[in-house]
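The structure file final35.pdb is reproduced below (PDB, C-alpha atoms, pLDDT in the B column).
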```
ATOM      1  CA  VAL A   1      43.725  86.127  68.468  1.00 97.00           C
ATOM      2  CA  HIS A   2      44.989  87.122  71.882  1.00 96.00           C
ATOM      3  CA  GLY A   3      47.315  90.097  71.760  1.00 97.00           C
ATOM      4  CA  PRO A   4      50.564  90.237  73.686  1.00 96.00           C
ATOM      5  CA  PHE A   5      50.093  91.276  77.301  1.00 93.00           C
ATOM      6  CA  GLU A   6      52.755  90.117  79.749  1.00 91.00           C
ATOM      7  CA  GLY A   7      54.611  93.157  81.098  1.00 90.00           C
ATOM      8  CA  LEU A   8      52.931  95.504  78.618  1.00 93.00           C
ATOM      9  CA  PRO A   9      50.994  98.195  80.517  1.00 93.00           C
ATOM     10  CA  LEU A  10      48.507 100.241  78.491  1.00 94.00           C
ATOM     11  CA  MET A  11      48.680 103.219  80.867  1.00 93.00           C
ATOM     12  CA  SER A  12      52.390 103.781  81.377  1.00 93.00           C
ATOM     13  CA  PHE A  13      53.582 107.271  82.264  1.00 92.00           C
ATOM     14  CA  ASP A  14      56.722 106.716  80.183  1.00 96.00           C
ATOM     15  CA  PRO A  15      56.324 107.566  76.457  1.00 96.00           C
ATOM     16  CA  LYS A  16      59.069 105.065  75.559  1.00 97.00           C
ATOM     17  CA  VAL A  17      57.162 102.291  77.314  1.00 97.00           C
ATOM     18  CA  GLN A  18      53.993 103.417  75.508  1.00 97.00           C
ATOM     19  CA  GLN A  19      55.890 103.081  72.206  1.00 98.00           C
ATOM     20  CA  LEU A  20      57.150  99.615  73.138  1.00 97.00           C
ATOM     21  CA  VAL A  21      53.674  98.413  74.112  1.00 98.00           C
ATOM     22  CA  SER A  22      52.267  99.866  70.903  1.00 98.00           C
ATOM     23  CA  ALA A  23      54.970  98.112  68.848  1.00 98.00           C
ATOM     24  CA  ARG A  24      54.224  94.750  70.479  1.00 98.00           C
ATOM     25  CA  LEU A  25      50.479  95.145  69.894  1.00 98.00           C
ATOM     26  CA  LEU A  26      51.183  96.077  66.276  1.00 98.00           C
ATOM     27  CA  GLN A  27      53.109  92.803  65.971  1.00 98.00           C
ATOM     28  CA  GLY A  28      50.013  91.041  67.268  1.00 98.00           C
ATOM     29  CA  LEU A  29      47.950  92.747  64.578  1.00 98.00           C
ATOM     30  CA  ASP A  30      50.461  91.660  61.921  1.00 98.00           C
ATOM     31  CA  PHE A  31      49.806  88.082  63.000  1.00 98.00           C
ATOM     32  CA  ALA A  32      46.049  88.727  63.123  1.00 98.00           C
ATOM     33  CA  GLU A  33      46.116  90.037  59.559  1.00 98.00           C
ATOM     34  CA  GLU A  34      48.154  87.071  58.369  1.00 98.00           C
ATOM     35  CA  ILE A  35      45.584  84.569  59.611  1.00 98.00           C
ATOM     36  CA  GLY A  36      42.501  86.686  58.845  1.00 98.00           C
ATOM     37  CA  ALA A  37      41.488  87.270  62.460  1.00 98.00           C
ATOM     38  CA  THR A  38      38.415  89.402  63.103  1.00 98.00           C
ATOM     39  CA  HIS A  39      39.494  90.643  66.527  1.00 98.00           C
ATOM     40  CA  MET A  40      42.440  90.804  68.893  1.00 98.00           C
ATOM     41  CA  VAL A  41      42.053  90.599  72.662  1.00 98.00           C
ATOM     42  CA  VAL A  42      43.808  93.357  74.620  1.00 98.00           C
ATOM     43  CA  HIS A  43      43.982  93.233  78.423  1.00 96.00           C
ATOM     44  CA  SER A  44      42.255  95.894  80.462  1.00 94.00           C
ATOM     45  CA  PRO A  45      44.806  98.068  82.267  1.00 92.00           C
ATOM     46  CA  TRP A  46      42.746  98.649  85.422  1.00 84.00           C
ATOM     47  CA  LEU A  47      44.429  97.263  88.507  1.00 72.00           C
ATOM     48  CA  THR A  48      43.192  97.381  92.068  1.00 56.00           C
ATOM     49  CA  LEU A  49      46.450  98.871  93.425  1.00 43.00           C
ATOM     50  CA  GLY A  50      45.592  97.507  96.848  1.00 42.00           C
ATOM     51  CA  HIS A  51      42.152  99.087  97.126  1.00 51.00           C
ATOM     52  CA  HIS A  52      39.367  98.999  94.586  1.00 53.00           C
ATOM     53  CA  PHE A  53      38.303 102.636  95.061  1.00 56.00           C
ATOM     54  CA  VAL A  54      41.696 104.310  94.592  1.00 53.00           C
ATOM     55  CA  PRO A  55      42.606 103.889  90.909  1.00 56.00           C
ATOM     56  CA  THR A  56      39.200 104.731  89.498  1.00 56.00           C
ATOM     57  CA  SER A  57      38.294 107.796  91.516  1.00 60.00           C
ATOM     58  CA  PRO A  58      38.405 111.299  90.043  1.00 59.00           C
ATOM     59  CA  TYR A  59      41.088 112.091  92.604  1.00 56.00           C
ATOM     60  CA  TYR A  60      43.386 109.588  90.962  1.00 64.00           C
ATOM     61  CA  ALA A  61      43.321 111.485  87.620  1.00 75.00           C
ATOM     62  CA  ILE A  62      41.272 108.980  85.653  1.00 81.00           C
ATOM     63  CA  GLU A  63      41.280 111.327  82.631  1.00 87.00           C
ATOM     64  CA  ASP A  64      45.082 111.238  82.585  1.00 89.00           C
ATOM     65  CA  MET A  65      44.975 107.447  82.712  1.00 88.00           C
ATOM     66  CA  LEU A  66      42.645 107.361  79.711  1.00 93.00           C
ATOM     67  CA  LYS A  67      44.914 109.769  77.794  1.00 95.00           C
ATOM     68  CA  ARG A  68      47.879 107.468  78.399  1.00 95.00           C
ATOM     69  CA  ALA A  69      45.911 104.468  77.137  1.00 96.00           C
ATOM     70  CA  HIS A  70      44.897 106.430  74.047  1.00 98.00           C
ATOM     71  CA  ALA A  71      48.512 107.449  73.404  1.00 98.00           C
ATOM     72  CA  THR A  72      49.548 103.792  73.664  1.00 98.00           C
ATOM     73  CA  LEU A  73      46.778 102.534  71.386  1.00 98.00           C
ATOM     74  CA  GLU A  74      46.638 105.349  68.814  1.00 98.00           C
ATOM     75  CA  ALA A  75      48.752 103.622  66.127  1.00 98.00           C
ATOM     76  CA  VAL A  76      47.348 100.215  67.101  1.00 98.00           C
ATOM     77  CA  LEU A  77      43.772 101.364  66.548  1.00 98.00           C
ATOM     78  CA  LYS A  78      44.654 102.907  63.157  1.00 98.00           C
ATOM     79  CA  ARG A  79      46.213  99.622  62.070  1.00 98.00           C
ATOM     80  CA  ALA A  80      43.258  97.620  63.419  1.00 98.00           C
ATOM     81  CA  GLU A  81      40.842  99.806  61.435  1.00 98.00           C
ATOM     82  CA  HIS A  82      42.989  99.433  58.301  1.00 98.00           C
ATOM     83  CA  ILE A  83      42.979  95.625  58.458  1.00 98.00           C
ATOM     84  CA  LYS A  84      39.391  95.493  59.795  1.00 98.00           C
ATOM     85  CA  CYS A  85      40.372  93.654  62.959  1.00 98.00           C
ATOM     86  CA  GLY A  86      38.628  94.882  66.080  1.00 98.00           C
ATOM     87  CA  LEU A  87      40.341  95.356  69.422  1.00 98.00           C
ATOM     88  CA  VAL A  88      38.371  93.825  72.277  1.00 98.00           C
ATOM     89  CA  ILE A  89      39.348  94.966  75.761  1.00 98.00           C
ATOM     90  CA  GLU A  90      39.111  92.033  78.157  1.00 97.00           C
ATOM     91  CA  ASN A  91      38.439  92.439  81.870  1.00 96.00           C
ATOM     92  CA  ILE A  92      41.370  91.151  83.901  1.00 94.00           C
ATOM     93  CA  PHE A  93      41.670  92.574  87.440  1.00 92.00           C
ATOM     94  CA  ASP A  94      38.623  94.804  87.045  1.00 91.00           C
ATOM     95  CA  LEU A  95      36.573  94.857  90.225  1.00 87.00           C
ATOM     96  CA  HIS A  96      33.947  97.144  88.759  1.00 86.00           C
ATOM     97  CA  THR A  97      32.441  97.415  85.315  1.00 92.00           C
ATOM     98  CA  GLU A  98      32.365 101.208  85.003  1.00 89.00           C
ATOM     99  CA  PRO A  99      36.084 102.021  84.514  1.00 89.00           C
ATOM    100  CA  TRP A 100      36.506  99.133  82.052  1.00 93.00           C
ATOM    101  CA  MET A 101      33.584 100.328  79.940  1.00 95.00           C
ATOM    102  CA  LEU A 102      34.644 103.958  80.324  1.00 93.00           C
ATOM    103  CA  LEU A 103      37.869 102.969  78.583  1.00 95.00           C
ATOM    104  CA  VAL A 104      36.057 101.046  75.824  1.00 98.00           C
ATOM    105  CA  ARG A 105      33.582 103.862  75.174  1.00 97.00           C
ATOM    106  CA  SER A 106      36.279 106.561  75.295  1.00 97.00           C
ATOM    107  CA  PHE A 107      37.610 105.470  71.909  1.00 98.00           C
ATOM    108  CA  ASP A 108      34.265 106.067  70.194  1.00 97.00           C
ATOM    109  CA  SER A 109      35.234 103.504  67.558  1.00 98.00           C
ATOM    110  CA  ASP A 110      33.526 100.509  66.035  1.00 98.00           C
ATOM    111  CA  TYR A 111      36.940  98.835  66.285  1.00 98.00           C
ATOM    112  CA  VAL A 112      37.166  99.002  70.085  1.00 98.00           C
ATOM    113  CA  ARG A 113      34.716  96.782  71.892  1.00 98.00           C
ATOM    114  CA  ALA A 114      34.404  94.757  75.093  1.00 98.00           C
ATOM    115  CA  SER A 115      35.498  91.219  75.830  1.00 98.00           C
ATOM    116  CA  VAL A 116      34.170  89.587  78.990  1.00 98.00           C
ATOM    117  CA  ASP A 117      36.262  86.849  80.526  1.00 97.00           C
ATOM    118  CA  ILE A 118      33.737  85.118  82.746  1.00 97.00           C
ATOM    119  CA  GLY A 119      36.372  83.439  84.929  1.00 97.00           C
ATOM    120  CA  HIS A 120      38.270  86.678  85.507  1.00 96.00           C
ATOM    121  CA  ALA A 121      35.070  88.421  86.567  1.00 96.00           C
ATOM    122  CA  PHE A 122      34.220  85.584  88.934  1.00 97.00           C
ATOM    123  CA  CYS A 123      37.705  85.616  90.505  1.00 95.00           C
ATOM    124  CA  MET A 124      37.420  89.369  91.074  1.00 93.00           C
ATOM    125  CA  GLN A 125      33.894  88.917  92.452  1.00 94.00           C
ATOM    126  CA  ARG A 126      35.551  86.914  95.244  1.00 92.00           C
ATOM    127  CA  SER A 127      37.468  90.127  96.068  1.00 87.00           C
ATOM    128  CA  GLY A 128      34.348  92.277  96.225  1.00 86.00           C
ATOM    129  CA  GLY A 129      33.897  92.906  92.504  1.00 89.00           C
ATOM    130  CA  ALA A 130      30.896  92.638  90.242  1.00 92.00           C
ATOM    131  CA  PRO A 131      29.655  89.195  89.137  1.00 97.00           C
ATOM    132  CA  PRO A 132      30.208  88.005  85.554  1.00 98.00           C
ATOM    133  CA  ASP A 133      26.629  88.766  84.493  1.00 98.00           C
ATOM    134  CA  ALA A 134      27.112  92.414  85.543  1.00 97.00           C
ATOM    135  CA  PHE A 135      30.039  92.696  83.116  1.00 98.00           C
ATOM    136  CA  VAL A 136      27.872  91.333  80.309  1.00 98.00           C
ATOM    137  CA  ARG A 137      25.033  93.726  81.152  1.00 98.00           C
ATOM    138  CA  GLU A 138      27.389  96.727  81.421  1.00 97.00           C
ATOM    139  CA  ALA A 139      29.001  95.922  78.066  1.00 98.00           C
ATOM    140  CA  GLY A 140      25.595  95.760  76.387  1.00 97.00           C
ATOM    141  CA  PRO A 141      25.910  96.616  72.685  1.00 98.00           C
ATOM    142  CA  TYR A 142      29.699  96.940  73.043  1.00 98.00           C
ATOM    143  CA  LEU A 143      30.073  93.229  73.818  1.00 98.00           C
ATOM    144  CA  SER A 144      31.950  91.533  70.977  1.00 98.00           C
ATOM    145  CA  HIS A 145      33.639  88.579  72.641  1.00 97.00           C
ATOM    146  CA  VAL A 146      33.038  86.276  75.590  1.00 97.00           C
ATOM    147  CA  HIS A 147      35.751  84.072  77.033  1.00 96.00           C
ATOM    148  CA  LEU A 148      33.583  81.335  78.455  1.00 95.00           C
ATOM    149  CA  GLN A 149      35.135  79.331  81.250  1.00 95.00           C
ATOM    150  CA  ASP A 150      34.327  78.106  84.729  1.00 97.00           C
ATOM    151  CA  THR A 151      36.376  78.268  87.898  1.00 96.00           C
ATOM    152  CA  ASP A 152      36.155  78.043  91.660  1.00 95.00           C
ATOM    153  CA  GLY A 153      37.314  81.652  91.981  1.00 92.00           C
ATOM    154  CA  LEU A 154      40.581  80.731  93.654  1.00 90.00           C
ATOM    155  CA  SER A 155      42.560  80.938  90.448  1.00 87.00           C
ATOM    156  CA  ASP A 156      42.014  81.543  86.746  1.00 88.00           C
ATOM    157  CA  ARG A 157      41.632  77.817  86.112  1.00 89.00           C
ATOM    158  CA  HIS A 158      39.789  77.761  82.748  1.00 93.00           C
ATOM    159  CA  TRP A 159      37.564  74.802  83.542  1.00 96.00           C
ATOM    160  CA  ALA A 160      34.707  73.632  81.350  1.00 96.00           C
ATOM    161  CA  PRO A 161      31.333  75.250  82.159  1.00 94.00           C
ATOM    162  CA  GLY A 162      29.677  73.342  84.990  1.00 94.00           C
ATOM    163  CA  ASP A 163      32.923  72.255  86.642  1.00 96.00           C
ATOM    164  CA  GLY A 164      33.194  75.325  88.884  1.00 96.00           C
ATOM    165  CA  GLU A 165      30.970  77.734  90.781  1.00 96.00           C
ATOM    166  CA  ILE A 166      29.927  80.371  88.222  1.00 97.00           C
ATOM    167  CA  ASN A 167      26.215  81.124  88.068  1.00 96.00           C
ATOM    168  CA  PHE A 168      25.586  80.327  84.408  1.00 97.00           C
ATOM    169  CA  TYR A 169      21.848  80.917  84.791  1.00 97.00           C
ATOM    170  CA  ALA A 170      22.492  84.596  85.526  1.00 98.00           C
ATOM    171  CA  LEU A 171      25.186  84.751  82.850  1.00 97.00           C
ATOM    172  CA  PHE A 172      23.028  83.353  80.050  1.00 97.00           C
ATOM    173  CA  ASP A 173      20.119  85.522  81.181  1.00 98.00           C
ATOM    174  CA  ALA A 174      22.408  88.557  80.781  1.00 98.00           C
ATOM    175  CA  LEU A 175      23.651  87.337  77.393  1.00 97.00           C
ATOM    176  CA  GLU A 176      20.074  86.919  76.197  1.00 95.00           C
TER     177      GLU A 176
END
```

Could you write out this file's structure as structure tokens?
Amino acid sequence: VHGPFEGLPLMSFDPKVQQLVSARLLQGLDFAEEIGATHMVVHSPWLTLGHHFVPTSPYYAIEDMLKRAHATLEAVLKRAEHIKCGLVIENIFDLHTEPWMLLVRSFDSDYVRASVDIGHAFCMQRSGGAPPDAFVREAGPYLSHVHLQDTDGLSDRHWAPGDGEINFYALFDALE
């Protein structure tokens, strides 16, 4: 299942917002349990904030950002483990693979893994980000879910593979 995401930041400074986001994600897990889902997609919180080097540099307090994400997801992860439903963190506005996988690995849990949305990666590649195959390679053994779609990179269009401009040769080579 896809977890709730609109207006629900994983790295809020405000503890009350963290609680609200956690509560909404817990509702998503209630639904996941009801239908027997094996994983729930959670959006990556990394945003470009106008420049792709700013939010992921040590000078921007990346450790504090990770702590806020952990505070938001603490109860959610416990519930996910209890119902045996993994959380897969999907790349959204991620220009680079490292911060996204830093977040995934920081949980050190079999119930937090990576989800690669091929179209999202391609759209961000148009803004100077890594190509979709780089996200697959970076995720490596943490890869649990692939949202396979094609696009022209102008919008998150969700076209059938072959209808857009994604290099599926490189993608399937990385998946292999």

Starting from the shown file, work through the PyMOL selection byres ((chain A and resi 103) around 10) and note down what comes out as a CSV table (one decimal) with C-alpha atoms, keeping the file's coordinate frame.
```
chain,number,residue,atom,x,y,z
A,44,SER,CA,42.3,95.9,80.5
A,45,PRO,CA,44.8,98.1,82.3
A,46,TRP,CA,42.7,98.6,85.4
A,62,ILE,CA,41.3,109.0,85.7
A,63,GLU,CA,41.3,111.3,82.6
A,65,MET,CA,45.0,107.4,82.7
A,66,LEU,CA,42.6,107.4,79.7
A,67,LYS,CA,44.9,109.8,77.8
A,69,ALA,CA,45.9,104.5,77.1
A,70,HIS,CA,44.9,106.4,74.0
A,89,ILE,CA,39.3,95.0,75.8
A,98,GLU,CA,32.4,101.2,85.0
A,99,PRO,CA,36.1,102.0,84.5
A,100,TRP,CA,36.5,99.1,82.1
A,101,MET,CA,33.6,100.3,79.9
A,102,LEU,CA,34.6,104.0,80.3
A,104,VAL,CA,36.1,101.0,75.8
A,105,ARG,CA,33.6,103.9,75.2
A,106,SER,CA,36.3,106.6,75.3
A,107,PHE,CA,37.6,105.5,71.9
A,108,ASP,CA,34.3,106.1,70.2
A,112,VAL,CA,37.2,99.0,70.1
A,113,ARG,CA,34.7,96.8,71.9
A,114,ALA,CA,34.4,94.8,75.1
```

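Using only C-alpha atoms for every distance, the candidate list A:Ile166, A:Leu143, A:Ala134, A:Ala71 yields A:Leu143 as the residue closest to A:Val88.
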
Evaluate the PyMOL selection byres ((chain A and resi 175) around 10) and report residues as an NGL selection string: :A and (133 or 136-137 or 140 or 143 or 146 or 169-174 or 176)

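For the set A:Gly7, A:Gly129, A:Gly36, A:Gly119, the residue with the smallest atom-to-atom gap to A:Thr151 is A:Gly119, counting only C-alpha atoms.
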
Within 12 Å of A:Asp14 using all atoms listed in the file, minus same-chain residues under 6 positions, as number ranges by chain: A: 8, 20-21, 68-69, 71-72

Given the PyMOL selection byres ((chain A and resi 160) around 12), the residues it picks as a ChimeraX atom specification: /A:118-119,147-152,157-159,161-166,168

Writing out the chosen residues with C-alpha atoms as an mmCIF file, in the coordinates of the input:
```
data_model
loop_
_atom_site.group_PDB
_atom_site.id
_atom_site.type_symbol
_atom_site.label_atom_id
_atom_site.label_comp_id
_atom_site.auth_asym_id
_atom_site.auth_seq_id
_atom_site.Cartn_x
_atom_site.Cartn_y
_atom_site.Cartn_z
ATOM 1 C CA ILE A 118 33.737 85.118 82.746
ATOM 2 C CA GLY A 119 36.372 83.439 84.929
ATOM 3 C CA HIS A 147 35.751 84.072 77.033
ATOM 4 C CA LEU A 148 33.583 81.335 78.455
ATOM 5 C CA GLN A 149 35.135 79.331 81.250
ATOM 6 C CA ASP A 150 34.327 78.106 84.729
ATOM 7 C CA THR A 151 36.376 78.268 87.898
ATOM 8 C CA ASP A 152 36.155 78.043 91.660
ATOM 9 C CA ARG A 157 41.632 77.817 86.112
ATOM 10 C CA HIS A 158 39.789 77.761 82.748
ATOM 11 C CA TRP A 159 37.564 74.802 83.542
ATOM 12 C CA PRO A 161 31.333 75.250 82.159
ATOM 13 C CA GLY A 162 29.677 73.342 84.990
ATOM 14 C CA ASP A 163 32.923 72.255 86.642
ATOM 15 C CA GLY A 164 33.194 75.325 88.884
ATOM 16 C CA GLU A 165 30.970 77.734 90.781
ATOM 17 C CA ILE A 166 29.927 80.371 88.222
ATOM 18 C CA PHE A 168 25.586 80.327 84.408
#
```

A:Asp30 environment, 12 Å, all atoms listed in the file, sequence neighbours closer than 3 positions dropped, as a PyMOL selection string: chain A and resi 1+3-4+23-27+33-37+39-40+76+79-80+82-85

Can I get the selected residues back with C-alpha atoms, as a PDB file, keeping the file's coordinate frame?
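After the write, out_16.pdb holds the following:
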```pdb
ATOM      1  CA  VAL A   1      43.725  86.127  68.468  1.00 97.00           C
ATOM      2  CA  GLY A   3      47.315  90.097  71.760  1.00 97.00           C
ATOM      3  CA  PRO A   4      50.564  90.237  73.686  1.00 96.00           C
ATOM      4  CA  ALA A  23      54.970  98.112  68.848  1.00 98.00           C
ATOM      5  CA  ARG A  24      54.224  94.750  70.479  1.00 98.00           C
ATOM      6  CA  LEU A  25      50.479  95.145  69.894  1.00 98.00           C
ATOM      7  CA  LEU A  26      51.183  96.077  66.276  1.00 98.00           C
ATOM      8  CA  GLN A  27      53.109  92.803  65.971  1.00 98.00           C
ATOM      9  CA  GLU A  33      46.116  90.037  59.559  1.00 98.00           C
ATOM     10  CA  GLU A  34      48.154  87.071  58.369  1.00 98.00           C
ATOM     11  CA  ILE A  35      45.584  84.569  59.611  1.00 98.00           C
ATOM     12  CA  GLY A  36      42.501  86.686  58.845  1.00 98.00           C
ATOM     13  CA  ALA A  37      41.488  87.270  62.460  1.00 98.00           C
ATOM     14  CA  HIS A  39      39.494  90.643  66.527  1.00 98.00           C
ATOM     15  CA  MET A  40      42.440  90.804  68.893  1.00 98.00           C
ATOM     16  CA  VAL A  76      47.348 100.215  67.101  1.00 98.00           C
ATOM     17  CA  ARG A  79      46.213  99.622  62.070  1.00 98.00           C
ATOM     18  CA  ALA A  80      43.258  97.620  63.419  1.00 98.00           C
ATOM     19  CA  HIS A  82      42.989  99.433  58.301  1.00 98.00           C
ATOM     20  CA  ILE A  83      42.979  95.625  58.458  1.00 98.00           C
ATOM     21  CA  LYS A  84      39.391  95.493  59.795  1.00 98.00           C
ATOM     22  CA  CYS A  85      40.372  93.654  62.959  1.00 98.00           C
TER      23      CYS A  85
END
```

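By chain and then residue number, the residues within 10 Å of A:Leu154 are A:Phe122, A:Cys123, A:Met124, A:Arg126, counting only C-alpha atoms and disregarding those fewer than 4 positions away in sequence.
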
Shortest interatomic distance to A:Glu138 - which of A:Gly153, A:Asn91, A:Leu77, A:Gly86, counting only C-alpha atoms: A:Asn91

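Counting from atom CA of A:Asp64, the distance to atom CA of A:Val116 is 24.5 Å.
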
Shortest interatomic distance to A:His145 - which of A:Lys16, A:Lys78, A:His2, A:His96, counting all atoms listed in the file: A:His2

Selected residue, from A:Leu87, A:Ala130, A:Ala61, A:Leu29, that lies nearest to A:Val41 when counting only C-alpha atoms: A:Leu87
